[in-house]
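**Student:** File structure07.cif below, mmCIF, C-alpha atoms:
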```cif
data_target
#
loop_
_atom_site.label_atom_id
_atom_site.label_comp_id
_atom_site.auth_asym_id
_atom_site.auth_seq_id
_atom_site.Cartn_x
_atom_site.Cartn_y
_atom_site.Cartn_z
CA MET A 116 -5.17 -33.34 32.20
CA GLU A 117 -4.35 -30.67 34.78
CA ILE A 118 -1.57 -29.33 32.53
CA ILE A 119 -3.94 -29.14 29.55
CA VAL A 120 -6.63 -27.26 31.48
CA THR A 121 -4.05 -24.83 32.92
CA GLY A 122 -2.67 -24.19 29.43
CA ILE A 123 -6.14 -23.57 28.02
CA LEU A 124 -6.99 -21.13 30.81
CA LEU A 125 -3.74 -19.23 30.20
CA SER A 126 -4.31 -19.12 26.45
CA GLY A 127 -7.44 -17.00 26.83
CA THR A 128 -5.57 -13.89 27.98
CA TYR A 129 -2.75 -14.60 25.52
CA ALA A 130 -5.32 -14.64 22.72
CA LEU A 131 -6.71 -11.22 23.69
CA ILE A 132 -3.23 -9.69 23.80
CA ALA A 133 -2.35 -11.19 20.43
CA LEU A 134 -5.67 -10.18 18.86
CA GLY A 135 -4.86 -6.60 19.79
CA LEU A 136 -1.52 -6.74 17.96
CA THR A 137 -3.16 -8.62 15.07
CA LEU A 138 -5.49 -5.69 14.47
CA GLN A 139 -2.72 -3.13 14.80
CA TYR A 140 -0.30 -4.90 12.50
CA GLY A 141 -2.67 -6.70 10.18
CA VAL A 142 -4.96 -3.72 9.51
CA ALA A 143 -3.10 -0.51 10.40
CA ARG A 144 0.26 -1.96 9.26
CA ILE A 145 1.86 -0.79 12.51
CA MET A 146 4.27 -3.13 14.27
CA ASN A 147 3.62 -1.79 17.77
CA LEU A 148 6.55 -2.64 20.01
CA ALA A 149 4.91 -0.68 22.84
CA ASN A 150 2.00 -3.12 22.93
CA GLY A 151 3.31 -4.71 26.13
CA GLU A 152 3.48 -1.35 27.92
CA ASN A 153 -0.19 -0.87 27.10
CA LEU A 154 -0.83 -4.21 28.81
CA VAL A 155 1.24 -3.26 31.88
CA ALA A 156 -0.57 0.07 32.20
CA ALA A 157 -3.88 -1.84 32.17
CA CYS A 158 -2.55 -4.18 34.88
CA PHE A 159 -1.77 -1.20 37.11
CA ALA A 160 -5.10 0.44 36.30
CA ALA A 161 -7.01 -2.69 37.32
CA PHE A 162 -4.82 -3.01 40.42
CA TRP A 163 -5.53 0.59 41.45
CA LEU A 164 -9.26 0.36 40.75
CA TYR A 165 -9.57 -2.77 42.88
CA THR A 166 -7.28 -1.86 45.79
CA ALA A 167 -8.17 1.84 46.07
CA THR A 168 -11.84 1.95 45.10
CA GLN A 169 -12.89 -1.73 45.40
CA ILE A 170 -14.09 -1.81 41.78
CA ASN A 171 -14.36 -5.39 40.52
CA PRO A 172 -11.75 -5.95 37.75
CA LEU A 173 -14.49 -7.28 35.45
CA ILE A 174 -16.46 -4.08 35.90
CA GLY A 175 -13.18 -2.20 35.61
CA LEU A 176 -12.94 -3.45 32.02
CA PHE A 177 -15.66 -0.93 31.13
CA LEU A 178 -13.30 1.81 32.32
CA VAL A 179 -9.95 0.38 31.22
CA MET A 180 -10.94 -0.52 27.65
CA PRO A 181 -12.45 2.87 26.67
CA ALA A 182 -9.47 4.67 28.22
CA ALA A 183 -7.05 2.47 26.27
CA PHE A 184 -9.08 3.00 23.09
CA VAL A 185 -8.82 6.79 23.41
CA LEU A 186 -5.12 6.65 24.32
CA ASN A 187 -4.25 4.42 21.36
CA TRP A 188 -6.30 6.54 18.97
CA ALA A 189 -4.35 9.59 20.18
CA ILE A 190 -1.04 7.75 19.73
CA TYR A 191 -2.00 6.80 16.20
CA ALA A 192 -3.23 10.29 15.29
CA LEU A 193 -0.29 12.21 16.77
CA LEU A 194 2.66 9.87 16.29
CA LEU A 195 1.88 7.27 13.66
CA ARG A 196 -0.42 8.90 11.10
CA PRO A 197 2.37 11.25 9.92
CA LEU A 198 4.52 8.15 9.32
CA VAL A 199 1.69 6.52 7.35
CA ARG A 200 1.30 9.61 5.16
CA ARG A 201 4.97 9.88 4.27
CA ALA A 202 5.61 6.15 3.77
CA LYS A 203 6.15 5.25 0.13
CA SER A 204 5.76 1.52 0.71
CA ARG A 205 4.56 -0.96 3.31
CA GLY A 206 8.16 -1.89 4.09
CA MET A 207 9.05 1.72 4.83
CA LEU A 208 6.02 2.08 7.11
CA GLU A 209 6.93 -1.06 9.04
CA VAL A 210 10.51 0.13 9.61
CA ASP A 211 9.37 3.62 10.66
CA SER A 212 6.67 2.24 12.98
CA ILE A 213 9.12 -0.17 14.62
CA LEU A 214 11.53 2.68 15.36
CA ALA A 215 8.77 5.01 16.58
CA THR A 216 7.06 2.49 18.85
CA PHE A 217 10.43 1.27 20.14
CA GLY A 218 11.00 4.79 21.43
CA LEU A 219 7.43 4.93 22.72
CA LEU A 220 8.12 1.74 24.67
CA PHE A 221 10.80 3.48 26.73
CA ILE A 222 8.70 6.63 27.17
CA LEU A 223 5.75 4.67 28.60
CA GLN A 224 8.02 2.49 30.71
CA GLY A 225 9.79 5.60 32.00
CA LEU A 226 6.46 7.15 32.98
CA MET A 227 5.44 4.05 34.95
CA GLN A 228 8.75 3.45 36.69
CA PRO A 229 8.67 6.54 38.99
CA GLY A 230 5.12 5.77 40.07
CA PHE A 231 5.49 2.04 40.69
CA GLY A 232 9.25 1.46 40.85
CA GLY A 233 10.75 -1.96 40.33
CA LYS A 234 8.48 -3.74 42.79
CA PHE A 235 6.22 -6.64 41.88
CA TYR A 236 2.48 -6.19 42.39
CA SER A 237 -0.47 -8.52 42.79
CA TYR A 238 -3.84 -8.57 44.47
CA SER A 239 -6.28 -11.19 45.66
CA PHE A 240 -9.36 -11.50 43.48
CA LEU A 241 -11.44 -14.71 43.47
CA ALA A 242 -8.35 -16.56 44.71
CA ILE A 243 -10.37 -19.62 45.68
CA PRO A 244 -10.29 -23.15 44.25
CA PHE A 245 -12.64 -24.15 41.46
CA THR A 246 -12.81 -27.83 40.52
CA ILE A 247 -12.53 -28.88 36.86
CA LEU A 248 -12.36 -32.60 36.01
CA GLY A 249 -11.48 -33.40 39.60
CA SER A 250 -8.57 -30.93 39.89
CA PRO A 251 -8.65 -27.54 41.65
CA PHE A 252 -7.89 -24.37 39.70
CA GLY A 253 -7.98 -20.74 40.70
CA LEU A 254 -11.43 -19.27 40.13
CA ASN A 255 -9.76 -16.04 39.02
CA ARG A 256 -8.10 -17.89 36.13
CA VAL A 257 -11.40 -19.48 35.10
CA VAL A 258 -13.26 -16.16 35.19
CA ALA A 259 -10.46 -14.43 33.25
CA PHE A 260 -10.61 -17.15 30.58
CA LEU A 261 -14.40 -16.90 30.25
CA ALA A 262 -14.22 -13.10 29.99
CA ALA A 263 -11.53 -13.42 27.31
CA VAL A 264 -13.71 -15.86 25.35
CA VAL A 265 -16.67 -13.47 25.48
CA LEU A 266 -14.54 -10.55 24.24
CA ALA A 267 -13.02 -12.67 21.46
CA LEU A 268 -16.50 -13.77 20.32
CA MET A 269 -17.68 -10.17 20.34
CA LEU A 270 -14.70 -9.21 18.18
CA TYR A 271 -15.47 -12.06 15.77
CA LEU A 272 -19.11 -10.99 15.45
CA PHE A 273 -18.09 -7.36 14.97
CA LEU A 274 -15.62 -8.21 12.20
CA ASN A 275 -17.97 -10.59 10.40
CA ARG A 276 -21.46 -9.21 11.04
CA THR A 277 -21.12 -5.43 10.80
CA ARG A 278 -20.31 -2.98 8.02
CA SER A 279 -17.48 -1.44 10.03
CA GLY A 280 -15.99 -4.88 10.65
CA THR A 281 -16.23 -5.71 6.95
CA ALA A 282 -14.43 -2.45 6.14
CA ILE A 283 -11.64 -3.32 8.58
CA ARG A 284 -11.24 -6.78 7.02
CA ALA A 285 -11.15 -5.19 3.56
CA VAL A 286 -8.36 -2.83 4.62
CA ALA A 287 -6.44 -5.76 6.08
CA VAL A 288 -6.60 -7.63 2.75
CA ASP A 289 -5.87 -4.72 0.38
CA PRO A 290 -6.01 -1.08 1.53
CA VAL A 291 -5.82 0.26 -2.04
CA ALA A 292 -8.76 -1.81 -3.24
CA ALA A 293 -10.67 -0.97 -0.05
CA GLY A 294 -10.15 2.72 -0.74
CA LEU A 295 -11.49 2.31 -4.27
CA SER A 296 -14.58 0.66 -2.74
CA ALA A 297 -15.45 3.80 -0.75
CA VAL A 298 -13.84 2.60 2.50
CA ASN A 299 -12.22 5.37 4.54
CA VAL A 300 -8.87 3.59 4.93
CA ALA A 301 -7.32 6.19 7.25
CA ARG A 302 -10.28 6.06 9.64
CA ALA A 303 -10.51 2.26 9.53
CA SER A 304 -6.79 1.98 10.30
CA ALA A 305 -7.03 4.39 13.23
CA PHE A 306 -10.08 2.54 14.57
CA ALA A 307 -8.35 -0.85 14.23
CA PHE A 308 -5.25 0.43 16.03
CA ALA A 309 -7.33 1.86 18.87
CA LEU A 310 -9.48 -1.29 19.12
CA GLY A 311 -6.34 -3.41 19.20
CA GLY A 312 -5.03 -1.33 22.10
CA ALA A 313 -8.33 -1.76 23.94
CA LEU A 314 -8.20 -5.55 23.52
CA THR A 315 -4.62 -5.66 24.76
CA ALA A 316 -5.63 -3.57 27.78
CA ALA A 317 -8.49 -5.98 28.48
CA GLY A 318 -5.99 -8.84 28.39
CA GLY A 319 -3.77 -6.97 30.84
CA ALA A 320 -6.63 -6.24 33.25
CA LEU A 321 -7.66 -9.91 33.23
CA LEU A 322 -4.07 -11.08 33.55
CA SER A 323 -3.58 -8.92 36.65
CA THR A 324 -6.22 -10.92 38.53
CA PHE A 325 -3.92 -13.95 38.79
CA TYR A 326 -0.45 -12.82 37.65
CA THR A 327 2.33 -10.97 39.50
CA PHE A 328 3.45 -8.00 37.42
CA ASP A 329 5.89 -5.11 37.43
CA ALA A 330 6.55 -1.99 35.35
CA SER A 331 9.22 -3.57 33.14
CA MET A 332 7.54 -6.79 32.02
CA GLY A 333 5.92 -5.32 28.92
CA VAL A 334 8.71 -6.37 26.55
CA VAL A 335 8.16 -10.05 27.32
CA PHE A 336 4.46 -9.86 26.47
CA THR A 337 5.15 -7.84 23.34
CA MET A 338 7.41 -10.64 22.13
CA LYS A 339 4.84 -13.29 23.02
CA ALA A 340 2.11 -11.40 21.17
CA LEU A 341 4.39 -10.96 18.16
CA ILE A 342 5.20 -14.66 18.09
CA ILE A 343 1.49 -15.57 18.30
CA VAL A 344 0.65 -13.15 15.47
CA ILE A 345 3.34 -14.60 13.20
CA MET A 346 2.45 -18.18 14.10
CA GLY A 347 -1.23 -17.54 13.43
CA GLY A 348 -0.67 -15.52 10.27
CA VAL A 349 -0.61 -11.73 10.12
CA GLY A 350 -4.16 -10.37 10.28
CA ASP A 351 -5.74 -13.80 10.83
CA VAL A 352 -7.96 -13.78 13.93
CA ARG A 353 -8.54 -17.56 13.86
CA GLY A 354 -4.82 -18.21 13.59
CA ALA A 355 -4.06 -15.91 16.53
CA VAL A 356 -6.51 -17.79 18.76
CA VAL A 357 -5.11 -21.21 17.81
CA ALA A 358 -1.51 -20.00 18.18
CA ALA A 359 -2.32 -18.57 21.62
CA LEU A 360 -3.75 -21.96 22.62
CA LEU A 361 -0.60 -23.74 21.43
CA LEU A 362 1.62 -21.26 23.26
CA GLY A 363 -0.34 -21.58 26.50
CA LEU A 364 -0.17 -25.38 26.37
CA ALA A 365 3.55 -25.38 25.52
CA GLU A 366 4.47 -23.00 28.34
CA THR A 367 2.37 -24.86 30.90
CA THR A 368 3.79 -28.24 29.86
CA VAL A 369 7.39 -27.05 30.07
CA ALA A 370 6.81 -25.23 33.37
CA SER A 371 5.13 -28.30 34.95
CA LEU A 372 7.33 -31.09 33.62
CA ILE A 373 10.74 -29.52 33.12
CA ASP A 374 11.54 -26.05 34.52
CA PRO A 375 9.49 -22.83 34.77
CA GLY A 376 12.59 -20.92 33.69
CA LEU A 377 12.42 -22.58 30.27
CA THR A 378 8.98 -21.31 29.26
CA LEU A 379 10.43 -18.56 27.08
CA ALA A 380 12.73 -21.10 25.46
CA ALA A 381 9.68 -23.23 24.60
CA THR A 382 7.99 -20.17 23.14
CA TYR A 383 10.91 -19.40 20.85
CA PHE A 384 11.25 -23.06 19.88
CA LEU A 385 7.65 -23.03 18.63
CA PHE A 386 8.38 -19.77 16.84
CA VAL A 387 11.42 -21.20 15.05
CA LEU A 388 9.49 -24.30 13.99
CA THR A 389 6.78 -22.06 12.55
CA LEU A 390 9.29 -19.99 10.60
CA LEU A 391 10.92 -23.12 9.22
CA TYR A 392 7.86 -25.16 8.28
CA ARG A 393 4.85 -22.83 8.25
CA PRO A 394 6.08 -19.26 7.62
CA GLN A 395 2.71 -18.20 6.17
CA GLY A 396 0.96 -19.00 9.46
CA ILE A 397 -1.31 -21.79 10.65
CA PHE A 398 -4.19 -21.05 8.28
CA GLY A 399 -2.20 -19.19 5.65
CA ARG A 400 -1.57 -20.41 2.13
CA SER A 401 1.81 -20.72 0.54
CA SER A 402 2.49 -18.10 -2.09
CA ALA A 403 2.48 -19.33 -5.64
#
```
As a first step, turn the structure in this file into structure tokens.

**Tutor:**
Amino acid sequence: MEIIVTGILLSGTYALIALGLTLQYGVARIMNLANGENLVAACFAAFWLYTATQINPLIGLFLVMPAAFVLNWAIYALLLRPLVRRAKSRGMLEVDSILATFGLLFILQGLMQPGFGGKFYSYSFLAIPFTILGSPFGLNRVVAFLAAVVLALMLYLFLNRTRSGTAIRAVAVDPVAAGLSAVNVARASAFAFALGGALTAAGGALLSTFYTFDASMGVVFTMKALIIVIMGGVGDVRGAVVAALLLGLAETTVASLIDPGLTLAATYFLFVLTLLYRPQGIFGRSSA
């Protein structure tokens, strides 16, 4: 039972990170390989806010998320929108965006390395035991999970209960048809990319409250987010949440019962099984 609870608590932050990439790839059609660097930057931002100014990381979300939103909007407008305009097909856009964001990955990592070096960072926030079903867990993990659930619910309500959310879902399904229905596809795509970056940053800020991080770990979380997105189905919010839960449980089980060094292997094993038996995603339908 302890393994299950730990996996569920971990899956909350994984879900936020993956939801960010789901919006960026599923709506804006941008495979953002620099997604993990966005997360790492948020980790350092939360770390600095708490250690230098004593700002609670949960309150810091109201600073980190808007900053990430603006930064990702600027990245989309300056770097990616020209690629969108010149792309003659979705395949061409995906290839161009992969190459562009791959370079961006190293730029962002290079900017963080001089400031933080190769050292590992962590800080003590709510590092006290909290009992669940008779077993103690870190209160910081519980609070991070609850905050992730609240943000995920807010995203769900936004996508399903507002006109802007409906427009974003329409662009995700068929951008051409959405454009013919008076949806500003370019603006919706930019907004989805920026919102995805803000969600990823929120996941990073919450992750920093209980996770040891460094300036070069972004690639690992980019790959995890990508695997969750593909497992859940591209653009499918429900699938991303379920896939994040499965990934959190798998990693925790392997780390507890076998070897912590094999968690990535378990992740890729799940990924391979998905590609072999459910390539359309958990809730996706097979093509006719």

**Student:** Pick from A:Ser204, A:Gly312, A:Gln224, A:Arg353: nearest to Pro181 in chain A, with all atoms listed in the file counted?

**Tutor:**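 Looking only at the distances to Pro181 in chain A, the closest residue turns out to be A:Gly312.
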
**Student:** Take CA of Ser331 in chain A and CA of Leu379 in chain A and report the distance between them in Å, one decimal.

**Tutor:**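 Distance reported for this atom pair: 16.2 Å.
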
**Student:** Could you write out as number ranges by chain the residues that the PyMOL selection byres ((chain A and resi 156) around 12) matches in the shown file?

**Tutor:** A: 149-155, 157-163, 179-180, 182-183, 186, 220, 223-228, 230-231, 312-313, 315-320, 322-323, 328-333

**Student:** Using only C-alpha atoms, please write the residues we just selected to a file, as a compact mmCIF listing (two decimals), in the coordinates of the input.

**Tutor:**
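Result went into again00.txt, see below:
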```txt
# COMPACT_ATOMS: atom_id res chain seq x y z
CA ALA A 149 4.91 -0.68 22.84
CA ASN A 150 2.00 -3.12 22.93
CA GLY A 151 3.31 -4.71 26.13
CA GLU A 152 3.48 -1.35 27.92
CA ASN A 153 -0.19 -0.87 27.10
CA LEU A 154 -0.83 -4.21 28.81
CA VAL A 155 1.24 -3.26 31.88
CA ALA A 157 -3.88 -1.84 32.17
CA CYS A 158 -2.55 -4.18 34.88
CA PHE A 159 -1.77 -1.20 37.11
CA ALA A 160 -5.10 0.44 36.30
CA ALA A 161 -7.01 -2.69 37.32
CA PHE A 162 -4.82 -3.01 40.42
CA TRP A 163 -5.53 0.59 41.45
CA VAL A 179 -9.95 0.38 31.22
CA MET A 180 -10.94 -0.52 27.65
CA ALA A 182 -9.47 4.67 28.22
CA ALA A 183 -7.05 2.47 26.27
CA LEU A 186 -5.12 6.65 24.32
CA LEU A 220 8.12 1.74 24.67
CA LEU A 223 5.75 4.67 28.60
CA GLN A 224 8.02 2.49 30.71
CA GLY A 225 9.79 5.60 32.00
CA LEU A 226 6.46 7.15 32.98
CA MET A 227 5.44 4.05 34.95
CA GLN A 228 8.75 3.45 36.69
CA GLY A 230 5.12 5.77 40.07
CA PHE A 231 5.49 2.04 40.69
CA GLY A 312 -5.03 -1.33 22.10
CA ALA A 313 -8.33 -1.76 23.94
CA THR A 315 -4.62 -5.66 24.76
CA ALA A 316 -5.63 -3.57 27.78
CA ALA A 317 -8.49 -5.98 28.48
CA GLY A 318 -5.99 -8.84 28.39
CA GLY A 319 -3.77 -6.97 30.84
CA ALA A 320 -6.63 -6.24 33.25
CA LEU A 322 -4.07 -11.08 33.55
CA SER A 323 -3.58 -8.92 36.65
CA PHE A 328 3.45 -8.00 37.42
CA ASP A 329 5.89 -5.11 37.43
CA ALA A 330 6.55 -1.99 35.35
CA SER A 331 9.22 -3.57 33.14
CA MET A 332 7.54 -6.79 32.02
CA GLY A 333 5.92 -5.32 28.92
```

**Student:** Quote the spacing between CA of Val300 in chain A and CA of Ala215 in chain A in Å to one decimal place.

**Tutor:** 21.2 Å

**Student:** Mind pulling up the distance from CA of Leu314 in chain A to CA of Thr128 in chain A?

**Tutor:**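 We find that CA of Thr128 in chain A and CA of Leu314 in chain A lie 9.8 Å from each other.
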
**Student:** Around (4.1, -26.4, 27.9) in the file's own coordinates, what residues are found within 12 Å if you use all atoms listed in the file, given back as a PyMOL selection string?

**Tutor:** chain A and resi 117-123+125-126+359-382+384-385

**Student:** Residues near Phe252 in chain A, anyone? I mean within 9 Å using only C-alpha atoms, not counting same-chain ones fewer than 3 positions away, as a PyMOL selection string.

**Tutor:** chain A and resi 117+120-121+243-247+255-257

**Student:** Please, could you write that set of residues out with C-alpha atoms as a PDB file, in the coordinates of the input?

**Tutor:**
```
ATOM      1  CA  GLU A 117      -4.350 -30.670  34.780  1.00  0.00           C
ATOM      2  CA  VAL A 120      -6.630 -27.260  31.480  1.00  0.00           C
ATOM      3  CA  THR A 121      -4.050 -24.830  32.920  1.00  0.00           C
ATOM      4  CA  ILE A 243     -10.370 -19.620  45.680  1.00  0.00           C
ATOM      5  CA  PRO A 244     -10.290 -23.150  44.250  1.00  0.00           C
ATOM      6  CA  PHE A 245     -12.640 -24.150  41.460  1.00  0.00           C
ATOM      7  CA  THR A 246     -12.810 -27.830  40.520  1.00  0.00           C
ATOM      8  CA  ILE A 247     -12.530 -28.880  36.860  1.00  0.00           C
ATOM      9  CA  ASN A 255      -9.760 -16.040  39.020  1.00  0.00           C
ATOM     10  CA  ARG A 256      -8.100 -17.890  36.130  1.00  0.00           C
ATOM     11  CA  VAL A 257     -11.400 -19.480  35.100  1.00  0.00           C
TER      12      VAL A 257
END
```

**Student:** Using all atoms listed in the file, find the one residue out of A:Leu388, A:Ala287, A:Ile132, A:Leu148 that sits nearest to Val210 in chain A.

**Tutor:**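 The answer is A:Leu148, which sits nearest to Val210 in chain A.
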
**Student:** Looking at only C-alpha atoms, which of A:Ala303, A:Met116, A:Ala130, A:Ile190 is the one that sits closest to Gly354 in chain A?

**Tutor:**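 Among the listed residues, A:Ala130 lies closest to Gly354 in chain A.
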